[in-house]
file model.csv (CSV, C-alpha atoms and all ligand atoms)
chain,number,residue,atom,x,y,z
A,263,MET,CA,-13.5,17.3,3.5
A,264,VAL,CA,-17.2,16.5,3.7
A,265,ALA,CA,-19.5,15.8,0.7
A,266,GLY,CA,-23.1,16.2,1.6
A,267,ALA,CA,-22.4,19.1,4.0
A,268,SER,CA,-25.9,20.4,3.7
A,269,GLY,CA,-27.5,17.0,4.2
A,270,LYS,CA,-29.0,15.5,7.4
A,271,THR,CA,-26.1,13.2,8.0
A,272,GLY,CA,-23.2,15.1,6.4
A,273,ARG,CA,-24.1,18.1,8.5
A,274,GLU,CA,-23.7,16.3,11.8
A,275,VAL,CA,-20.7,14.3,10.7
A,276,GLY,CA,-19.1,17.6,9.4
A,277,LYS,CA,-19.7,19.4,12.6
A,278,ALA,CA,-18.1,16.6,14.5
A,279,ILE,CA,-15.0,16.8,12.3
A,280,LEU,CA,-14.9,20.6,12.8
A,281,LYS,CA,-14.9,20.1,16.6
A,282,ALA,CA,-12.3,17.2,16.6
A,283,PRO,CA,-9.1,18.6,18.0
A,284,ASP,CA,-6.9,16.3,15.7
A,285,MET,CA,-8.7,17.1,12.5
A,286,GLU,CA,-9.0,20.1,10.1
A,287,LEU,CA,-12.0,20.5,7.9
A,288,ILE,CA,-10.7,21.8,4.6
A,289,GLY,CA,-13.8,21.6,2.3
A,290,ALA,CA,-17.5,21.1,2.0
A,291,ILE,CA,-19.4,19.8,-1.1
A,292,ALA,CA,-23.1,19.7,-1.9
A,293,ALA,CA,-25.4,20.2,-4.9
A,294,HIS,CA,-28.1,22.8,-4.5
A,295,HIS,CA,-26.2,24.6,-1.7
A,296,VAL,CA,-23.1,25.4,-3.8
A,297,GLY,CA,-21.9,28.9,-2.9
A,298,THR,CA,-23.6,29.0,0.5
A,299,ALA,CA,-21.4,29.9,3.5
A,300,LEU,CA,-21.0,26.9,5.7
A,301,LYS,CA,-21.4,29.0,8.8
A,302,ASP,CA,-25.0,29.8,7.7
A,303,LEU,CA,-25.8,26.2,7.1
A,304,TRP,CA,-24.3,24.8,10.3
A,305,SER,CA,-24.5,27.8,12.7
A,306,GLU,CA,-20.8,27.2,13.5
A,307,PRO,CA,-17.8,29.5,13.3
A,308,VAL,CA,-16.3,28.2,10.0
A,309,SER,CA,-15.1,30.2,7.1
A,310,LEU,CA,-15.6,27.7,4.2
A,311,VAL,CA,-18.1,28.0,1.3
A,312,VAL,CA,-19.8,25.0,-0.1
A,313,GLN,CA,-18.3,23.8,-3.4
A,314,ALA,CA,-19.3,21.5,-6.2
A,315,HIS,CA,-16.3,19.4,-7.0
A,316,LEU,CA,-13.1,18.0,-5.5
A,317,ALA,CA,-11.2,20.0,-8.1
A,318,ASP,CA,-12.5,23.2,-6.5
A,319,LEU,CA,-10.4,22.4,-3.4
A,320,ASN,CA,-6.8,23.6,-3.5
A,321,THR,CA,-5.2,20.7,-1.8
A,322,SER,CA,-3.0,17.7,-2.8
A,323,TYR,CA,-4.4,15.4,-0.1
A,324,ALA,CA,-7.6,15.1,2.0
A,325,VAL,CA,-9.8,12.4,3.4
A,326,LEU,CA,-13.1,12.4,1.5
A,327,VAL,CA,-16.0,11.8,3.9
A,328,ASP,CA,-19.1,11.2,1.7
A,329,PHE,CA,-22.8,11.2,2.7
A,330,THR,CA,-24.6,12.2,-0.5
A,331,GLU,CA,-26.4,9.9,-3.0
A,332,ARG,CA,-25.2,6.9,-5.0
A,333,GLN,CA,-24.5,8.3,-8.5
A,334,SER,CA,-22.6,11.4,-7.7
A,335,SER,CA,-20.9,9.7,-4.8
A,336,TYR,CA,-19.5,7.0,-7.0
A,337,GLU,CA,-18.0,9.6,-9.4
A,338,ARG,CA,-16.6,11.6,-6.5
A,339,VAL,CA,-15.2,8.6,-4.7
A,340,THR,CA,-13.4,7.3,-7.8
A,341,ASP,CA,-12.1,10.8,-8.5
A,342,ALA,CA,-10.7,11.0,-4.9
A,343,ILE,CA,-9.1,7.6,-5.2
A,344,ILE,CA,-7.4,8.6,-8.4
A,345,ARG,CA,-6.1,11.7,-6.7
A,346,GLY,CA,-4.5,9.5,-4.0
A,347,TRP,CA,-7.0,10.5,-1.3
A,348,ASP,CA,-8.3,8.2,1.3
A,349,VAL,CA,-12.1,7.8,1.5
A,350,VAL,CA,-14.7,7.3,4.2
A,351,VAL,CA,-18.0,6.6,2.6
A,352,GLY,CA,-21.4,6.4,4.3
A,353,THR,CA,-23.5,6.8,1.1
A,354,THR,CA,-25.4,3.6,0.4
A,355,GLY,CA,-26.9,2.0,-2.6
A,356,PHE,CA,-23.8,1.2,-4.7
A,357,THR,CA,-24.3,-1.6,-7.2
A,358,GLN,CA,-22.1,-4.7,-7.1
A,359,GLU,CA,-20.3,-3.5,-10.2
A,360,GLU,CA,-19.6,0.0,-8.6
A,361,ARG,CA,-18.3,-1.7,-5.5
A,362,ARG,CA,-16.0,-4.0,-7.5
A,363,SER,CA,-14.7,-1.0,-9.5
A,364,ILE,CA,-14.0,1.0,-6.2
A,365,ASP,CA,-12.2,-2.1,-4.8
A,366,SER,CA,-10.0,-2.4,-7.9
A,367,LEU,CA,-9.1,1.4,-7.9
A,368,VAL,CA,-8.3,1.2,-4.2
A,369,ARG,CA,-5.8,-1.6,-4.8
A,370,ARG,CA,-4.4,0.1,-7.9
A,371,TYR,CA,-3.9,3.5,-6.3
A,372,GLU,CA,-3.0,2.1,-2.8
A,373,VAL,CA,-5.3,4.4,-0.9
A,374,GLY,CA,-7.4,3.4,2.1
A,375,ALA,CA,-11.2,3.1,1.9
A,376,VAL,CA,-13.9,2.6,4.5
A,377,LEU,CA,-17.3,1.9,3.0
A,378,ILE,CA,-19.7,1.2,5.9
A,379,ALA,CA,-23.5,0.8,5.6
A,380,ASN,CA,-23.9,1.9,9.2
A,381,PHE,CA,-21.4,3.9,11.3
A,382,SER,CA,-23.4,3.8,14.5
A,383,LEU,CA,-22.0,1.8,17.5
A,384,GLY,CA,-25.5,0.4,18.4
A,385,ALA,CA,-26.0,-1.1,14.9
A,386,TRP,CA,-22.6,-2.7,15.1
A,387,VAL,CA,-23.3,-4.2,18.5
A,388,MET,CA,-26.7,-5.5,17.1
A,389,GLU,CA,-24.8,-7.2,14.3
A,390,GLN,CA,-22.5,-9.0,16.8
A,391,LEU,CA,-25.5,-10.1,18.8
A,392,ALA,CA,-27.3,-11.3,15.7
A,393,LYS,CA,-24.3,-13.3,14.6
A,394,GLN,CA,-24.3,-15.0,18.0
A,395,ALA,CA,-28.1,-15.7,17.9
A,396,SER,CA,-27.7,-17.2,14.4
A,397,HIS,CA,-25.8,-20.1,16.0
A,398,TYR,CA,-28.9,-21.0,18.0
A,399,PHE,CA,-31.8,-20.0,15.7
A,400,GLU,CA,-32.4,-21.2,12.1
A,401,ARG,CA,-34.9,-18.5,10.8
A,402,ALA,CA,-35.1,-14.8,11.0
A,403,GLU,CA,-36.6,-11.8,9.2
A,404,VAL,CA,-35.2,-8.3,8.9
A,405,LEU,CA,-37.1,-5.1,9.3
A,406,GLU,CA,-35.9,-1.6,8.5
A,407,ALA,CA,-37.7,1.8,8.7
A,408,HIS,CA,-36.4,5.1,7.5
A,409,ALA,CA,-37.6,8.6,6.6
A,410,ASP,CA,-39.5,8.7,3.3
A,411,THR,CA,-36.6,10.8,1.8
A,412,LYS,CA,-34.3,7.8,1.8
A,413,LYS,CA,-33.8,6.8,-1.8
A,414,ASP,CA,-32.4,3.2,-1.6
A,415,GLN,CA,-34.4,0.2,-0.4
A,416,PRO,CA,-33.7,-2.0,1.4
A,417,SER,CA,-31.2,-0.2,3.6
A,418,GLY,CA,-27.6,-1.2,3.3
A,419,THR,CA,-27.7,-2.2,7.0
A,420,ALA,CA,-30.6,-4.5,6.4
A,421,ALA,CA,-29.0,-6.1,3.3
A,422,ARG,CA,-25.8,-6.6,5.3
A,423,MET,CA,-27.7,-8.3,8.1
A,424,ALA,CA,-29.4,-10.6,5.7
A,425,GLN,CA,-26.0,-11.4,4.1
A,426,MET,CA,-24.4,-12.1,7.4
A,427,LEU,CA,-27.2,-14.5,8.5
A,428,ALA,CA,-27.2,-16.2,5.1
A,429,GLU,CA,-23.4,-16.8,5.4
A,430,SER,CA,-23.9,-18.2,8.9
A,431,TRP,CA,-26.7,-20.5,7.7
A,432,GLU,CA,-25.0,-21.2,4.3
A,433,ILE,CA,-28.2,-20.2,2.4
A,434,ASP,CA,-29.0,-17.7,-0.3
A,435,PRO,CA,-29.5,-14.2,1.2
A,436,GLN,CA,-32.7,-13.8,-0.9
A,437,ALA,CA,-34.2,-16.5,1.4
A,438,ILE,CA,-34.2,-14.0,4.3
A,439,PRO,CA,-37.1,-11.6,3.9
A,440,ILE,CA,-36.4,-7.8,4.5
A,441,HIS,CA,-39.4,-5.6,5.3
A,442,SER,CA,-39.0,-1.9,4.6
A,443,LEU,CA,-41.0,1.1,5.8
A,444,ARG,CA,-40.5,4.7,4.4
A,445,LEU,CA,-42.5,7.2,6.5
A,446,PRO,CA,-42.1,10.8,7.7
A,447,GLY,CA,-41.1,10.9,11.4
A,448,MET,CA,-38.7,7.9,11.0
A,449,VAL,CA,-35.0,8.4,11.3
A,450,ALA,CA,-33.2,5.0,11.0
A,451,HIS,CA,-34.6,1.9,12.7
A,452,GLN,CA,-33.3,-1.6,12.2
A,453,SER,CA,-34.5,-4.9,13.7
A,454,VAL,CA,-34.1,-8.6,13.3
A,455,VAL,CA,-36.5,-11.1,14.6
A,456,PHE,CA,-35.4,-14.7,15.2
A,457,GLY,CA,-38.2,-17.3,15.6
A,458,THR,CA,-38.3,-20.9,16.6
A,459,SER,CA,-40.7,-23.2,18.3
A,460,GLY,CA,-42.6,-21.4,21.1
A,461,GLN,CA,-40.3,-18.2,21.2
A,462,ILE,CA,-39.0,-15.3,19.3
A,463,LEU,CA,-35.9,-13.1,19.9
A,464,SER,CA,-36.0,-9.5,18.7
A,465,LEU,CA,-33.0,-7.2,18.4
A,466,ARG,CA,-33.7,-3.6,17.6
A,467,HIS,CA,-31.6,-0.4,17.1
A,468,ASP,CA,-33.1,3.1,16.8
A,469,VAL,CA,-31.3,6.2,15.7
A,470,HIS,CA,-33.1,9.3,16.9
A,471,ASP,CA,-30.7,11.8,15.5
A,472,ARG,CA,-27.7,11.6,13.1
A,473,THR,CA,-25.1,12.5,15.7
A,474,ALA,CA,-25.2,8.7,16.2
A,475,TYR,CA,-22.9,8.2,13.2
A,476,ALA,CA,-20.2,10.7,14.1
A,477,GLN,CA,-18.2,8.5,16.5
A,478,GLY,CA,-17.8,5.7,13.8
A,479,VAL,CA,-16.9,8.2,11.1
A,480,LEU,CA,-14.3,10.1,13.2
A,481,ALA,CA,-12.7,6.7,14.2
A,482,SER,CA,-12.6,5.8,10.5
A,483,VAL,CA,-11.0,9.1,9.4
A,484,ARG,CA,-8.3,8.5,12.0
A,485,ARG,CA,-7.5,5.0,10.8
A,486,VAL,CA,-8.3,5.0,7.0
A,487,HIS,CA,-4.8,5.7,5.9
A,488,ASN,CA,-3.6,2.5,7.6
A,489,PHE,CA,-5.8,0.4,5.3
A,490,ARG,CA,-4.0,1.3,2.1
A,491,GLY,CA,-5.0,-1.0,-0.8
A,492,ARG,CA,-8.1,-2.3,1.1
A,493,VAL,CA,-11.8,-1.5,1.3
A,494,ILE,CA,-13.0,-1.9,4.9
A,495,GLN,CA,-16.7,-2.7,5.1
A,496,ASP,CA,-16.9,-3.9,8.7
A,497,LEU,CA,-16.9,-1.4,11.6
A,498,SER,CA,-15.2,-4.1,13.7
A,499,GLU,CA,-11.9,-3.4,11.9
A,500,ILE,CA,-12.2,0.2,13.0
A,501,ILE,CA,-13.4,0.0,16.6
A,502,ASP,CA,-12.4,-3.5,17.7
A,503,PRO,CA,-9.4,-4.4,15.5
A,504,SER,CA,-8.1,-7.3,17.8
B,601,LIG,N1,-23.4,4.7,6.5
B,601,LIG,C1,-24.2,5.3,7.5
B,601,LIG,O1,-24.0,5.1,8.7
B,601,LIG,C2,-25.2,6.2,7.0
B,601,LIG,C3,-26.0,6.9,7.9
B,601,LIG,C4,-27.0,7.8,7.5
B,601,LIG,C5,-27.2,8.0,6.1
B,601,LIG,N2,-26.4,7.3,5.2
B,601,LIG,C6,-26.5,7.5,3.8
B,601,LIG,O2,-25.9,8.7,3.5
B,601,LIG,C7,-26.5,9.3,2.4
B,601,LIG,C8,-27.1,10.7,2.7
B,601,LIG,O3,-28.2,10.5,3.6
B,601,LIG,P1,-28.9,11.8,4.2
B,601,LIG,O4,-30.1,11.3,4.9
B,601,LIG,O5,-27.9,12.6,4.9
B,601,LIG,O6,-29.4,12.6,2.8
B,601,LIG,P2,-29.8,14.1,2.6
B,601,LIG,O7,-30.2,14.7,3.9
B,601,LIG,O8,-30.8,14.0,1.5
B,601,LIG,O9,-28.5,14.8,2.1
B,601,LIG,C9,-27.9,14.6,0.8
B,601,LIG,C10,-26.7,15.4,0.7
B,601,LIG,O10,-26.1,15.1,-0.6
B,601,LIG,C11,-25.9,16.3,-1.4
B,601,LIG,N3,-26.0,15.9,-2.8
B,601,LIG,C12,-27.1,15.4,-3.4
B,601,LIG,N4,-26.8,15.2,-4.7
B,601,LIG,C13,-25.5,15.6,-4.9
B,601,LIG,C14,-24.6,15.7,-6.0
B,601,LIG,N5,-25.0,15.4,-7.2
B,601,LIG,N6,-23.4,16.2,-5.8
B,601,LIG,C15,-23.0,16.6,-4.6
B,601,LIG,N7,-23.8,16.6,-3.5
B,601,LIG,C16,-25.0,16.1,-3.6
B,601,LIG,C17,-27.0,17.2,-0.9
B,601,LIG,O11,-26.7,18.5,-1.3
B,601,LIG,P3,-27.8,19.7,-1.5
B,601,LIG,O12,-28.5,19.8,-0.2
B,601,LIG,O13,-27.0,20.9,-1.8
B,601,LIG,O14,-28.7,19.3,-2.6
B,601,LIG,C18,-27.0,16.9,0.6
B,601,LIG,O15,-26.0,17.7,1.2
B,601,LIG,C19,-27.6,8.2,1.9
B,601,LIG,O16,-27.1,7.4,0.9
B,601,LIG,C20,-27.9,7.5,3.2
B,601,LIG,O17,-28.4,6.2,3.0
B,601,LIG,C21,-25.5,6.4,5.7
call {"tool": "encode", "arguments": {"input": "model.csv", "output": "structure tokens", "more": "lines below"}}
Ligand SMILES: NC(=O)c1ccc[n+]([C@@H]2O[C@H](COP(=O)([O-])OP(=O)(O)OC[C@H]3O[C@@H](n4cnc5c(N)ncnc54)[C@H](OP(=O)(O)O)[C@@H]3O)[C@@H](O)[C@H]2O)c1
result
Amino acid sequence: MVAGASGKTGREVGKAILKAPDMELIGAIAAHHVGTALKDLWSEPVSLVVQAHLADLNTSYAVLVDFTERQSSYERVTDAIIRGWDVVVGTTGFTQEERRSIDSLVRRYEVGAVLIANFSLGAWVMEQLAKQASHYFERAEVLEAHADTKKDQPSGTAARMAQMLAESWEIDPQAIPIHSLRLPGMVAHQSVVFGTSGQILSLRHDVHDRTAYAQGVLASVRRVHNFRGRVIQDLSEIIDPS
């Protein structure tokens, strides 16, 4: 089931689930669009109506796919875990405390959880390349640009990049500057610029439309049940588990 079905990302991810031959979409959740027929929102042949809560769904098990906003997502994700559902969460901005609480519930109820700041393949490849570059460069700054409707800042992807570089260099993540832009016309743009004497190395990833996230989300839905008792935060474990 997809929470955020009327949103920019949930809509694309939801349509991909609808079209996946090995999945069945059994519910859609949103806030202002509760009561709207999904077929009118998505222009797809689907008979579901948007609902408000997990309790509105008549099912004993589902995978919750959540692309909404931090506060309601936290409540919904914990509700899903307590019901014994697996969760695939794209919503960003959770506090450390909320993450710890989700982690402890996942272990207690032995469900699978995938909480990934960026489900796009390109962002994952960029992270692998940045990890490699960090062995040869000693300084970098992170840049991220998103639409002005994005609520959290810096983006989860940028924060994760800074964390990864800080771990590689054994320094405080706060020491790596993150620059954020929020402007109409942006979708999701991430870059990291490494600098050293006489040269720079720039890595950049641009999402032009949100279908970019569908592949990573579908792969996570397929695998999440195998991760019972664990919260997966690295797309490597989904797409490159060797
Ligand atoms: N991890 C990733 O790869 C990734 C990629 C893209 C975005 N994101 C994250 O995904 C989230 C959504 O982004 P977006 O750009 O798609 O946002 P958006 O277009 O603003 O959509 C938000 C969605 O959440 C729903 N919603 C808001 N408040 C709710 C509530 N209290 N209860 C239930 N549903 C609620 C909205 O429903 P109504 O329309 O009915 O109000 C809408 O469907 C953000 O946290 C963003 O950072 C993550």
call {"tool": "residues_near_ligand", "arguments": {"input": "model.csv", "ligand": "ligand LIG 601 (chain B)", "cutoff": "8 Å", "atoms": "only C-alpha atoms and all ligand atoms", "output": "PyMOL selection string"}}
result
chain A and resi 265-273+291-296+314-315+328-335+351-355+377-382+411-414+417-418+450+472+475
call {"tool": "residues_around", "arguments": {"input": "model.csv", "residues": "A:Met263", "least_positions_apart": "3", "cutoff": "6 Å", "atoms": "all atoms listed in the file", "output": "list in words"}}
result
Leu287, Ile288, Gly289, Ala290 and Leu326 of chain A
call {"tool": "closest_residue", "arguments": {"input": "model.csv", "among": "A:Arg485, A:Val308, A:Leu280, A:His441", "to": "A:Gln415", "atoms": "only C-alpha atoms"}}
result
A:His441
call {"tool": "closest_residue", "arguments": {"input": "model.csv", "among": "A:Arg466, A:Arg492, A:His487, A:Arg401", "to": "A:Ala437", "atoms": "all atoms listed in the file"}}
result
A:Arg401
call {"tool": "closest_residue", "arguments": {"input": "model.csv", "among": "A:Ala282, A:Ala481, A:Ala317, A:Gln425", "to": "A:Asp341", "atoms": "all atoms listed in the file"}}
result
A:Ala317
call {"tool": "closest_residue", "arguments": {"input": "model.csv", "among": "A:Gly374, A:Gln394, A:Phe399, A:Val327", "to": "A:Ser459", "atoms": "only C-alpha atoms"}}
result
A:Phe399
call {"tool": "atom_distance", "arguments": {"input": "model.csv", "atom1": "atom CA of A:Gln477", "atom2": "atom CA of A:Arg338"}}
result
23.3 Å
call {"tool": "closest_residue", "arguments": {"input": "model.csv", "among": "A:Asp468, A:Asp434, A:Asp318, A:Glu429", "to": "A:Gly384", "atoms": "only C-alpha atoms"}}
result
A:Asp468
call {"tool": "closest_residue", "arguments": {"input": "model.csv", "among": "A:Lys277, A:Val449, A:Met388, A:Ser322", "to": "A:Pro307", "atoms": "all atoms listed in the file"}}
result
A:Lys277
call {"tool": "atom_distance", "arguments": {"input": "model.csv", "atom1": "atom CA of A:Glu359", "atom2": "atom CA of A:Val493"}}
result
14.4 Å
call {"tool": "residues_around", "arguments": {"input": "model.csv", "residues": "A:Arg484", "least_positions_apart": "5", "cutoff": "9 Å", "atoms": "all atoms listed in the file", "output": "list of chain:residue names"}}
result
A:Asp284, A:Met285, A:Val479
call {"tool": "atom_distance", "arguments": {"input": "model.csv", "atom1": "atom CA of A:Ile501", "atom2": "atom CA of A:Leu391"}}
result
15.9 Å
call {"tool": "build_atoms", "arguments": {"input": "model.csv", "residues": "stretch 387-398 of chain A", "atoms": "all heavy atoms", "output": "PDB file, in the coordinates of the input"}}
result
ATOM      1  N   VAL A 387     -23.105  -3.290  17.393  1.00  0.00           N
ATOM      2  CA  VAL A 387     -23.300  -4.200  18.500  1.00  0.00           C
ATOM      3  C   VAL A 387     -24.474  -5.186  18.148  1.00  0.00           C
ATOM      4  O   VAL A 387     -24.385  -6.392  18.386  1.00  0.00           O
ATOM      5  CB  VAL A 387     -23.628  -3.477  19.826  1.00  0.00           C
ATOM      6  CG1 VAL A 387     -24.040  -4.448  20.931  1.00  0.00           C
ATOM      7  CG2 VAL A 387     -22.416  -2.666  20.272  1.00  0.00           C
ATOM      8  N   MET A 388     -25.538  -4.638  17.523  1.00  0.00           N
ATOM      9  CA  MET A 388     -26.700  -5.500  17.100  1.00  0.00           C
ATOM     10  C   MET A 388     -26.213  -6.583  16.176  1.00  0.00           C
ATOM     11  O   MET A 388     -26.639  -7.740  16.275  1.00  0.00           O
ATOM     12  CB  MET A 388     -27.783  -4.658  16.504  1.00  0.00           C
ATOM     13  CG  MET A 388     -29.023  -5.483  16.246  1.00  0.00           C
ATOM     14  SD  MET A 388     -30.456  -4.480  15.804  1.00  0.00           S
ATOM     15  CE  MET A 388     -30.297  -4.457  14.047  1.00  0.00           C
ATOM     16  N   GLU A 389     -25.333  -6.221  15.262  1.00  0.00           N
ATOM     17  CA  GLU A 389     -24.800  -7.200  14.300  1.00  0.00           C
ATOM     18  C   GLU A 389     -24.067  -8.331  15.014  1.00  0.00           C
ATOM     19  O   GLU A 389     -24.218  -9.509  14.683  1.00  0.00           O
ATOM     20  CB  GLU A 389     -23.953  -6.512  13.265  1.00  0.00           C
ATOM     21  CG  GLU A 389     -23.716  -7.344  12.042  1.00  0.00           C
ATOM     22  CD  GLU A 389     -22.928  -6.587  10.993  1.00  0.00           C
ATOM     23  OE1 GLU A 389     -23.443  -5.597  10.449  1.00  0.00           O
ATOM     24  OE2 GLU A 389     -21.772  -6.975  10.729  1.00  0.00           O
ATOM     25  N   GLN A 390     -23.244  -7.953  16.005  1.00  0.00           N
ATOM     26  CA  GLN A 390     -22.500  -9.000  16.800  1.00  0.00           C
ATOM     27  C   GLN A 390     -23.452  -9.911  17.495  1.00  0.00           C
ATOM     28  O   GLN A 390     -23.268 -11.129  17.514  1.00  0.00           O
ATOM     29  CB  GLN A 390     -21.543  -8.342  17.805  1.00  0.00           C
ATOM     30  CG  GLN A 390     -20.616  -7.249  17.288  1.00  0.00           C
ATOM     31  CD  GLN A 390     -19.890  -7.668  16.036  1.00  0.00           C
ATOM     32  OE1 GLN A 390     -19.219  -8.691  16.002  1.00  0.00           O
ATOM     33  NE2 GLN A 390     -20.043  -6.882  14.972  1.00  0.00           N
ATOM     34  N   LEU A 391     -24.509  -9.314  18.090  1.00  0.00           N
ATOM     35  CA  LEU A 391     -25.500 -10.100  18.800  1.00  0.00           C
ATOM     36  C   LEU A 391     -26.252 -11.047  17.886  1.00  0.00           C
ATOM     37  O   LEU A 391     -26.516 -12.217  18.202  1.00  0.00           O
ATOM     38  CB  LEU A 391     -26.457  -9.221  19.602  1.00  0.00           C
ATOM     39  CG  LEU A 391     -25.818  -8.355  20.695  1.00  0.00           C
ATOM     40  CD1 LEU A 391     -26.845  -7.382  21.267  1.00  0.00           C
ATOM     41  CD2 LEU A 391     -25.249  -9.224  21.814  1.00  0.00           C
ATOM     42  N   ALA A 392     -26.592 -10.512  16.693  1.00  0.00           N
ATOM     43  CA  ALA A 392     -27.300 -11.300  15.700  1.00  0.00           C
ATOM     44  C   ALA A 392     -26.473 -12.487  15.227  1.00  0.00           C
ATOM     45  O   ALA A 392     -26.967 -13.600  15.014  1.00  0.00           O
ATOM     46  CB  ALA A 392     -27.770 -10.451  14.542  1.00  0.00           C
ATOM     47  N   LYS A 393     -25.182 -12.221  15.064  1.00  0.00           N
ATOM     48  CA  LYS A 393     -24.300 -13.300  14.600  1.00  0.00           C
ATOM     49  C   LYS A 393     -24.291 -14.416  15.668  1.00  0.00           C
ATOM     50  O   LYS A 393     -24.386 -15.592  15.327  1.00  0.00           O
ATOM     51  CB  LYS A 393     -22.843 -12.683  14.543  1.00  0.00           C
ATOM     52  CG  LYS A 393     -21.973 -13.324  13.483  1.00  0.00           C
ATOM     53  CD  LYS A 393     -20.650 -12.602  13.363  1.00  0.00           C
ATOM     54  CE  LYS A 393     -20.721 -11.346  12.501  1.00  0.00           C
ATOM     55  NZ  LYS A 393     -19.450 -10.622  12.378  1.00  0.00           N
ATOM     56  N   GLN A 394     -24.252 -14.025  16.933  1.00  0.00           N
ATOM     57  CA  GLN A 394     -24.300 -15.000  18.000  1.00  0.00           C
ATOM     58  C   GLN A 394     -25.612 -15.780  18.015  1.00  0.00           C
ATOM     59  O   GLN A 394     -25.641 -16.999  18.116  1.00  0.00           O
ATOM     60  CB  GLN A 394     -24.121 -14.259  19.334  1.00  0.00           C
ATOM     61  CG  GLN A 394     -23.485 -15.071  20.419  1.00  0.00           C
ATOM     62  CD  GLN A 394     -23.320 -14.230  21.673  1.00  0.00           C
ATOM     63  OE1 GLN A 394     -23.334 -12.995  21.625  1.00  0.00           O
ATOM     64  NE2 GLN A 394     -23.176 -14.890  22.790  1.00  0.00           N
ATOM     65  N   ALA A 395     -26.725 -15.027  17.849  1.00  0.00           N
ATOM     66  CA  ALA A 395     -28.100 -15.700  17.900  1.00  0.00           C
ATOM     67  C   ALA A 395     -28.197 -16.650  16.711  1.00  0.00           C
ATOM     68  O   ALA A 395     -28.886 -17.667  16.843  1.00  0.00           O
ATOM     69  CB  ALA A 395     -29.137 -14.588  17.781  1.00  0.00           C
ATOM     70  N   SER A 396     -27.545 -16.355  15.573  1.00  0.00           N
ATOM     71  CA  SER A 396     -27.700 -17.200  14.400  1.00  0.00           C
ATOM     72  C   SER A 396     -27.145 -18.622  14.641  1.00  0.00           C
ATOM     73  O   SER A 396     -27.486 -19.555  13.931  1.00  0.00           O
ATOM     74  CB  SER A 396     -27.028 -16.590  13.172  1.00  0.00           C
ATOM     75  OG  SER A 396     -25.617 -16.653  13.308  1.00  0.00           O
ATOM     76  N   HIS A 397     -26.310 -18.789  15.673  1.00  0.00           N
ATOM     77  CA  HIS A 397     -25.800 -20.100  16.000  1.00  0.00           C
ATOM     78  C   HIS A 397     -26.872 -20.981  16.687  1.00  0.00           C
ATOM     79  O   HIS A 397     -26.754 -22.194  16.759  1.00  0.00           O
ATOM     80  CB  HIS A 397     -24.571 -20.045  16.924  1.00  0.00           C
ATOM     81  CG  HIS A 397     -23.441 -19.278  16.313  1.00  0.00           C
ATOM     82  ND1 HIS A 397     -23.045 -19.426  15.008  1.00  0.00           N
ATOM     83  CD2 HIS A 397     -22.614 -18.325  16.828  1.00  0.00           C
ATOM     84  CE1 HIS A 397     -22.035 -18.613  14.744  1.00  0.00           C
ATOM     85  NE2 HIS A 397     -21.759 -17.928  15.826  1.00  0.00           N
ATOM     86  N   TYR A 398     -27.926 -20.321  17.207  1.00  0.00           N
ATOM     87  CA  TYR A 398     -28.900 -21.000  18.000  1.00  0.00           C
ATOM     88  C   TYR A 398     -30.317 -21.047  17.332  1.00  0.00           C
ATOM     89  O   TYR A 398     -31.163 -21.838  17.696  1.00  0.00           O
ATOM     90  CB  TYR A 398     -29.031 -20.426  19.395  1.00  0.00           C
ATOM     91  CG  TYR A 398     -27.674 -20.381  20.073  1.00  0.00           C
ATOM     92  CD1 TYR A 398     -26.923 -19.211  20.094  1.00  0.00           C
ATOM     93  CD2 TYR A 398     -27.125 -21.538  20.616  1.00  0.00           C
ATOM     94  CE1 TYR A 398     -25.666 -19.184  20.680  1.00  0.00           C
ATOM     95  CE2 TYR A 398     -25.867 -21.520  21.191  1.00  0.00           C
ATOM     96  CZ  TYR A 398     -25.136 -20.340  21.225  1.00  0.00           C
ATOM     97  OH  TYR A 398     -23.899 -20.321  21.786  1.00  0.00           O
TER      98      TYR A 398
END
